[in-house]
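The block underneath contains the structure these notes are about, expressed in structure tokens.
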Amino acid sequence: MAESPLAVYQGYLDRGQLAYQWDKAAGRAVFYPRVVSPFSGGTDLEWRVASGLGTVYATTVTYPFKGDGHNIVLVDCDEGFRMMGRVEEIDPLAVKIGLRVKFRVHPAEGEQPAYPVFTPLNPAGEG
Amino acid sequence: MSELKRGGAAIVGAAESDIGQVGPGFNVIDLMAQGITRALDDCGLALKDVDGLISACTQSRTSPLNLAEYLGMSPRYIDGTIVGGSSFMFHIQHAMAALQLGLCEVAVIAYGSTQRSIGRQNASVREINPYETPYRPFLPSTAYALAASRHMHEFGTTREQMAEVAVAARQWALKNPVAWEKNPLTVEEVLKARMVSYPFTVRDICLVTDGGGAIVLTRPERAKSLKKKPVYVLGQGQCITHANISSMPDLTVTGARESGRQAYAMAGLVAKDIDILELYDAFTINTILFLEDLGFCKKGEGGAFVGGGRIAPGGSLPVNTNGGGLSYCHPGMYGLFLLIEAVRQLRGECGERQVEGAETAIAHGNGGVLSSQSTVILGTEVTL
């Protein structure tokens with residue numbers, strides 16, 4: 001039985017790594033992981049481990065009816081793919097577009113498997 | 001390759017079902033049937049004349065089937081394309097093609113929702129996305145807020161400018177007797193309202209209402225013999241760019257640029273030829289994005305463009321004349337109501353909110369999280 005793209009991705013995360021796919025034919029990163037590349041239509045997708053470095057592309061703070069707001073960002077990873085994430089260890093409203101961030105793993109909790117989050121690359125939260 | 005003919009179909013009937021908060025026990029097929037009955041009355045046709053049935057909604061997986069059974073029909077042409085709130089603009093293309101090919105003679109497009117009565121979470125069940133769901137986005141608001149953040153960053157668009165969109169919509173709504181909101185609104189009130197997803201307060205975000213409706217289309221030859229002035233489909237275009245916000249190529253440019261280009265090309269018109277605009281305003285940033293992408297101002301200038309009452313009643317560009325999804329009605333898939341309002345404006349039926357001399361209109365639909373865009377250009381007989 002073939003392993004699903006999500007299962008492979010999750011396996012990397014469980015080992016502390018952020019993985020993405022590389023479409024050799026198109027010379028482009030593919031994210032989210034899939035069985036066929038949206039760029040070339042090819043199925044020859046190579047798994048690679050990202051540096052975990054990226055730049056905040058868009059940011060918001062979403063407020064539940066009760067409780068504090070939480071940050072949600074889109075991050076442009078240095079390898080050329082974009083993903084959703086959360087920037088931690090900084091006030092949610094202080095997360096600005098252009099902020100350099102670094103990936104870490106948010107550990108599994110209950111039904112929720114481990115998933116990637118981000119922290120400011122510079123601990124002062126600047127640039 | 002054959003193409004859709006400019007003016008090759010006309011909207012001859014248009015009606016809302018009950019909207020706002022509907023009576024207990026109404027379901028979405030009831031509302032579709034109510035809309036169809038009223039839209040047929042509007043043009044003087046009967047159910048027996050309808051042989052093309054098109055519908056979409058979130059609360060019935062096979063709504064054309066359920067609707068046909070309910071109405072006792074076995075239509076020759078069926079479509080149930082669903083790509084979010086713009087689905088009905090995509091349906092216009094399908095109805096036009098079916099009419100042009102002779103697959104049907106009279107097509108209806110119907111919608112219904114009871115999301116206010118049963119709760120939004122029940123009306124539109126959340127889909128799990130392992131690459132987004134862990135971050136607890138409140139969709140669709142979070143996605144549009146991300147787009148707004150990018151627009152503010154790149155172009156200096158402000159919360160006050162976005163609030164102007166909500167204020168203009170409210171001013172129009174106060175002229176619409178069936179609009180949900182009945183009280184005036186100020187920029188300050190928008191800014192101070194409950195924050196939902198920064199930069200949006202609850203006043204930057206569309207209503208959550210029940211509602212439905214239908215429109216009736218036929219070929220122009222037949223349209224001329226019916227009760228009301230036909231409203232012709234001069235142009236249609238559509239573009240899908242992504243499904244999830246994390247896959248949107250550029251958060252400041254929507255598929256409306258391409259759908260508009262197609263619609264203008266088919267209609268042989270440009271932005272300055274359009275008298276009224278009905279734009280899918282699920283969020284205040286939408287109106288700004290679509291004014292830019294449909295060519296009414298340059299990219300990045302939409303925030304300044306909507307200031308000074310330009311799009312409000314009495315302004316130079318009438319936008320969302322029914323009060324919009326922000327203040328009139330928004331049952332979840334709002335696109336059909338844009339078409340209904342455009343038809344009524346072009347017929348001159350809009351009473352206090354009527355835009356005098358309106359001969360051309362855009363009804364622009366948006367679906368998903370800025371994902372599916374479709375532009376329909378409508379015109380009166382003089383525009384043919």
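Labeling convention for the structure tokens: chains A, B, ... as they appear, residues from 1 per chain, ligands from 1 in order of appearance.
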
Surrounding residues of Asn71 (chain A) excluding itself and chain neighbours under 2 positions, 12 Å, only C-alpha atoms, as a count of residues only
38

Residues within 10 Å of region 113-119 of chain B, please, as a CSV table (one decimal) with C-alpha atoms, in the first residue's frame. Count only C-alpha atoms; anything in the same chain fewer than 3 positions from it doesn't count.
chain,number,residue,atom,x,y,z
B,19,ILE,CA,-35.2,36.5,3.1
B,20,GLY,CA,-33.7,37.6,6.4
B,21,GLN,CA,-35.2,35.2,8.9
B,22,VAL,CA,-37.7,32.8,7.4
B,23,GLY,CA,-40.5,31.1,9.1
B,24,PRO,CA,-39.8,28.0,11.2
B,25,GLY,CA,-39.6,24.7,9.3
B,26,PHE,CA,-38.8,26.2,5.9
B,27,ASN,CA,-36.0,24.2,4.1
B,28,VAL,CA,-33.8,25.3,1.2
B,29,ILE,CA,-35.9,23.5,-1.4
B,30,ASP,CA,-39.0,25.4,-0.1
B,31,LEU,CA,-37.1,28.6,-0.6
B,32,MET,CA,-35.9,27.7,-4.1
B,56,ALA,CA,-26.7,25.4,-6.0
B,57,CYS,CA,-26.7,25.6,-2.2
B,58,THR,CA,-24.7,24.2,0.7
B,59,GLN,CA,-27.6,22.4,2.5
B,60,SER,CA,-28.6,19.9,-0.2
B,122,ASN,CA,-24.8,23.5,10.3
B,123,ALA,CA,-25.5,25.1,7.0
B,124,SER,CA,-21.9,25.0,5.7
B,207,LEU,CA,-24.6,39.4,7.5
B,208,VAL,CA,-25.6,35.9,8.3
B,209,THR,CA,-29.2,35.7,7.0
B,210,ASP,CA,-31.6,33.2,5.5
B,211,GLY,CA,-32.7,33.7,1.9
B,212,GLY,CA,-33.1,32.4,-1.6
B,213,GLY,CA,-34.4,33.3,-5.0
B,330,HIS,CA,-26.2,37.3,2.9
B,331,PRO,CA,-27.4,33.7,3.2
B,332,GLY,CA,-23.9,32.3,2.5
B,333,MET,CA,-23.8,32.1,-1.3
B,334,TYR,CA,-24.8,35.7,-2.2

If we count only C-alpha atoms, which residues of chain B reach to within 12 Å of chain A? Please list them as a short mmCIF file (atom, residue, chain, number, x, y, z; two decimals) with N, CA and C atoms, in the first residue's frame.
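Contents of selection_39.cif, freshly written:
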data_model
loop_
_atom_site.label_atom_id
_atom_site.label_comp_id
_atom_site.auth_asym_id
_atom_site.auth_seq_id
_atom_site.Cartn_x
_atom_site.Cartn_y
_atom_site.Cartn_z
N ILE B 128 -12.07 19.71 6.83
CA ILE B 128 -10.76 19.66 7.48
C ILE B 128 -9.66 19.75 6.44
N ASN B 129 -8.70 20.64 6.66
CA ASN B 129 -7.52 20.75 5.82
C ASN B 129 -6.32 20.63 6.75
N PRO B 130 -5.55 19.51 6.65
CA PRO B 130 -4.47 19.29 7.61
C PRO B 130 -3.38 20.36 7.55
N TYR B 131 -3.35 21.16 6.48
CA TYR B 131 -2.34 22.20 6.35
C TYR B 131 -2.85 23.58 6.80
N GLU B 132 -4.12 23.66 7.18
CA GLU B 132 -4.66 24.94 7.66
C GLU B 132 -5.40 24.81 9.00
N THR B 133 -6.17 23.75 9.14
CA THR B 133 -7.06 23.61 10.30
C THR B 133 -6.33 23.71 11.65
N PRO B 134 -5.08 23.20 11.77
CA PRO B 134 -4.43 23.29 13.08
C PRO B 134 -4.26 24.73 13.59
N TYR B 135 -4.27 25.70 12.68
CA TYR B 135 -4.04 27.09 13.09
C TYR B 135 -5.34 27.79 13.50
N ARG B 136 -6.45 27.05 13.48
CA ARG B 136 -7.76 27.53 13.88
C ARG B 136 -8.19 28.81 13.14
N PRO B 137 -8.11 28.80 11.82
CA PRO B 137 -8.67 29.93 11.09
C PRO B 137 -10.19 29.95 11.26
N PHE B 138 -10.77 31.14 11.37
CA PHE B 138 -12.22 31.28 11.38
C PHE B 138 -12.59 31.63 9.94
N LEU B 139 -12.95 30.59 9.18
CA LEU B 139 -13.14 30.79 7.75
C LEU B 139 -14.60 31.09 7.42
N PRO B 140 -14.82 32.00 6.48
CA PRO B 140 -13.80 32.60 5.60
C PRO B 140 -13.13 33.86 6.13
N SER B 141 -13.56 34.39 7.30
CA SER B 141 -13.07 35.71 7.72
C SER B 141 -11.55 35.79 7.79
N THR B 142 -10.90 34.78 8.37
CA THR B 142 -9.44 34.81 8.52
C THR B 142 -8.75 34.97 7.17
N ALA B 143 -9.27 34.28 6.16
CA ALA B 143 -8.63 34.31 4.83
C ALA B 143 -8.71 35.71 4.22
N TYR B 144 -9.89 36.33 4.33
CA TYR B 144 -10.05 37.67 3.76
C TYR B 144 -9.25 38.69 4.57
N ALA B 145 -9.11 38.44 5.88
CA ALA B 145 -8.29 39.33 6.70
C ALA B 145 -6.83 39.26 6.28
N LEU B 146 -6.36 38.07 5.93
CA LEU B 146 -4.99 37.94 5.42
C LEU B 146 -4.82 38.75 4.14
N ALA B 147 -5.82 38.68 3.27
CA ALA B 147 -5.76 39.47 2.02
C ALA B 147 -5.74 40.96 2.33
N ALA B 148 -6.56 41.37 3.30
CA ALA B 148 -6.60 42.79 3.67
C ALA B 148 -5.25 43.23 4.24
N SER B 149 -4.61 42.36 5.02
CA SER B 149 -3.32 42.73 5.62
C SER B 149 -2.30 43.01 4.53
N ARG B 150 -2.37 42.22 3.50
CA ARG B 150 -1.41 42.38 2.39
C ARG B 150 -1.69 43.68 1.62
N HIS B 151 -2.97 43.99 1.41
CA HIS B 151 -3.36 45.22 0.70
C HIS B 151 -2.92 46.44 1.51
N MET B 152 -3.11 46.37 2.82
CA MET B 152 -2.69 47.48 3.69
C MET B 152 -1.18 47.65 3.64
N HIS B 153 -0.45 46.53 3.63
CA HIS B 153 1.01 46.58 3.62
C HIS B 153 1.55 47.14 2.30
N GLU B 154 1.00 46.67 1.19
CA GLU B 154 1.57 47.06 -0.11
C GLU B 154 1.13 48.45 -0.54
N ARG B 194 -16.98 44.81 17.48
CA ARG B 194 -16.23 43.64 17.95
C ARG B 194 -15.24 43.18 16.88
N MET B 195 -13.97 43.04 17.27
CA MET B 195 -12.94 42.56 16.35
C MET B 195 -13.14 41.06 16.11
N VAL B 196 -13.16 40.66 14.84
CA VAL B 196 -13.33 39.24 14.50
C VAL B 196 -12.01 38.65 14.02
N SER B 197 -11.42 39.28 13.02
CA SER B 197 -10.10 38.86 12.55
C SER B 197 -9.44 40.12 12.01
N TYR B 198 -8.42 40.58 12.70
CA TYR B 198 -7.82 41.87 12.39
C TYR B 198 -7.42 41.93 10.92
N PRO B 199 -7.75 42.96 10.18
CA PRO B 199 -8.32 44.26 10.58
C PRO B 199 -9.85 44.34 10.56
N PHE B 200 -10.55 43.22 10.50
CA PHE B 200 -12.00 43.26 10.33
C PHE B 200 -12.74 43.20 11.67
N THR B 201 -13.62 44.17 11.87
CA THR B 201 -14.61 44.02 12.93
C THR B 201 -15.84 43.36 12.31
N VAL B 202 -16.81 43.07 13.15
CA VAL B 202 -18.02 42.41 12.67
C VAL B 202 -18.73 43.26 11.62
N HIS B 242 -7.53 29.38 -7.07
CA HIS B 242 -7.09 28.54 -5.95
C HIS B 242 -8.36 28.08 -5.22
N ASN B 244 -7.85 27.16 -1.40
CA ASN B 244 -7.48 27.57 -0.04
C ASN B 244 -6.61 28.83 -0.09
N ILE B 245 -6.76 29.68 0.91
CA ILE B 245 -6.06 30.97 0.87
C ILE B 245 -4.56 30.79 0.84
N SER B 246 -4.04 29.70 1.44
CA SER B 246 -2.58 29.50 1.42
C SER B 246 -2.07 29.17 0.02
N SER B 247 -2.99 28.91 -0.92
CA SER B 247 -2.58 28.64 -2.30
C SER B 247 -2.91 29.79 -3.25
N MET B 248 -3.40 30.92 -2.74
CA MET B 248 -3.70 32.07 -3.62
C MET B 248 -2.39 32.69 -4.07
N PRO B 249 -2.21 32.83 -5.40
CA PRO B 249 -0.91 33.28 -5.90
C PRO B 249 -0.49 34.66 -5.37
N ASP B 250 -1.38 35.64 -5.41
CA ASP B 250 -1.06 37.01 -4.96
C ASP B 250 -2.29 37.52 -4.24
N LEU B 251 -2.18 37.78 -2.95
CA LEU B 251 -3.37 38.11 -2.16
C LEU B 251 -3.96 39.49 -2.48
N THR B 252 -3.28 40.26 -3.34
CA THR B 252 -3.83 41.57 -3.69
C THR B 252 -4.45 41.59 -5.09
#

Nearest to Cys239 (chain B), restricted to only C-alpha atoms and choosing among B:Gly44, B:Pro75, B:Gly367, B:Gly309, comes out as B:Gly367

Arg28 (chain A) environment, 10 Å, only C-alpha atoms, sequence neighbours closer than 6 positions dropped, as a VMD selection string:
chain A and resid 21 to 22 37 39 to 40 79 to 81

Using the selection just defined, write its residues with N, CA and C atoms as a compact mmCIF listing (two decimals), in the first residue's frame.
# COMPACT_ATOMS: atom_id res chain seq x y z
N GLN A 21 7.91 19.09 -1.34
CA GLN A 21 8.26 18.32 -2.54
C GLN A 21 8.93 19.22 -3.57
N TRP A 22 9.76 18.61 -4.38
CA TRP A 22 10.45 19.34 -5.45
C TRP A 22 10.08 18.71 -6.79
N SER A 37 2.24 17.01 -9.56
CA SER A 37 2.65 18.41 -9.47
C SER A 37 1.68 19.30 -10.22
N PHE A 39 2.44 22.08 -11.37
CA PHE A 39 3.21 22.89 -12.32
C PHE A 39 3.51 22.13 -13.61
N SER A 40 3.85 20.83 -13.47
CA SER A 40 4.24 20.07 -14.66
C SER A 40 3.26 18.94 -14.97
N GLU A 79 12.68 28.27 0.44
CA GLU A 79 12.81 27.33 -0.69
C GLU A 79 11.78 27.60 -1.79
N GLY A 80 10.89 28.60 -1.59
CA GLY A 80 9.99 29.00 -2.67
C GLY A 80 8.58 28.45 -2.57
N PHE A 81 8.16 28.06 -1.38
CA PHE A 81 6.76 27.66 -1.22
C PHE A 81 6.14 28.46 -0.09

Just how far from CA of Leu191 (chain B) is CA of Leu336 (chain B), in Å to one decimal?
29.3 Å

Which residues come within 8 Å of region 380-383 of chain B, counting only C-alpha atoms, excluding same-chain residues fewer than 3 positions away, as a list of chain:residue names?
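Once the adjacent positions are removed, what remains is B:Lys229, B:Pro230, B:Val231, B:Tyr232, B:Leu346, B:Arg347, B:Glu359, B:Thr360.
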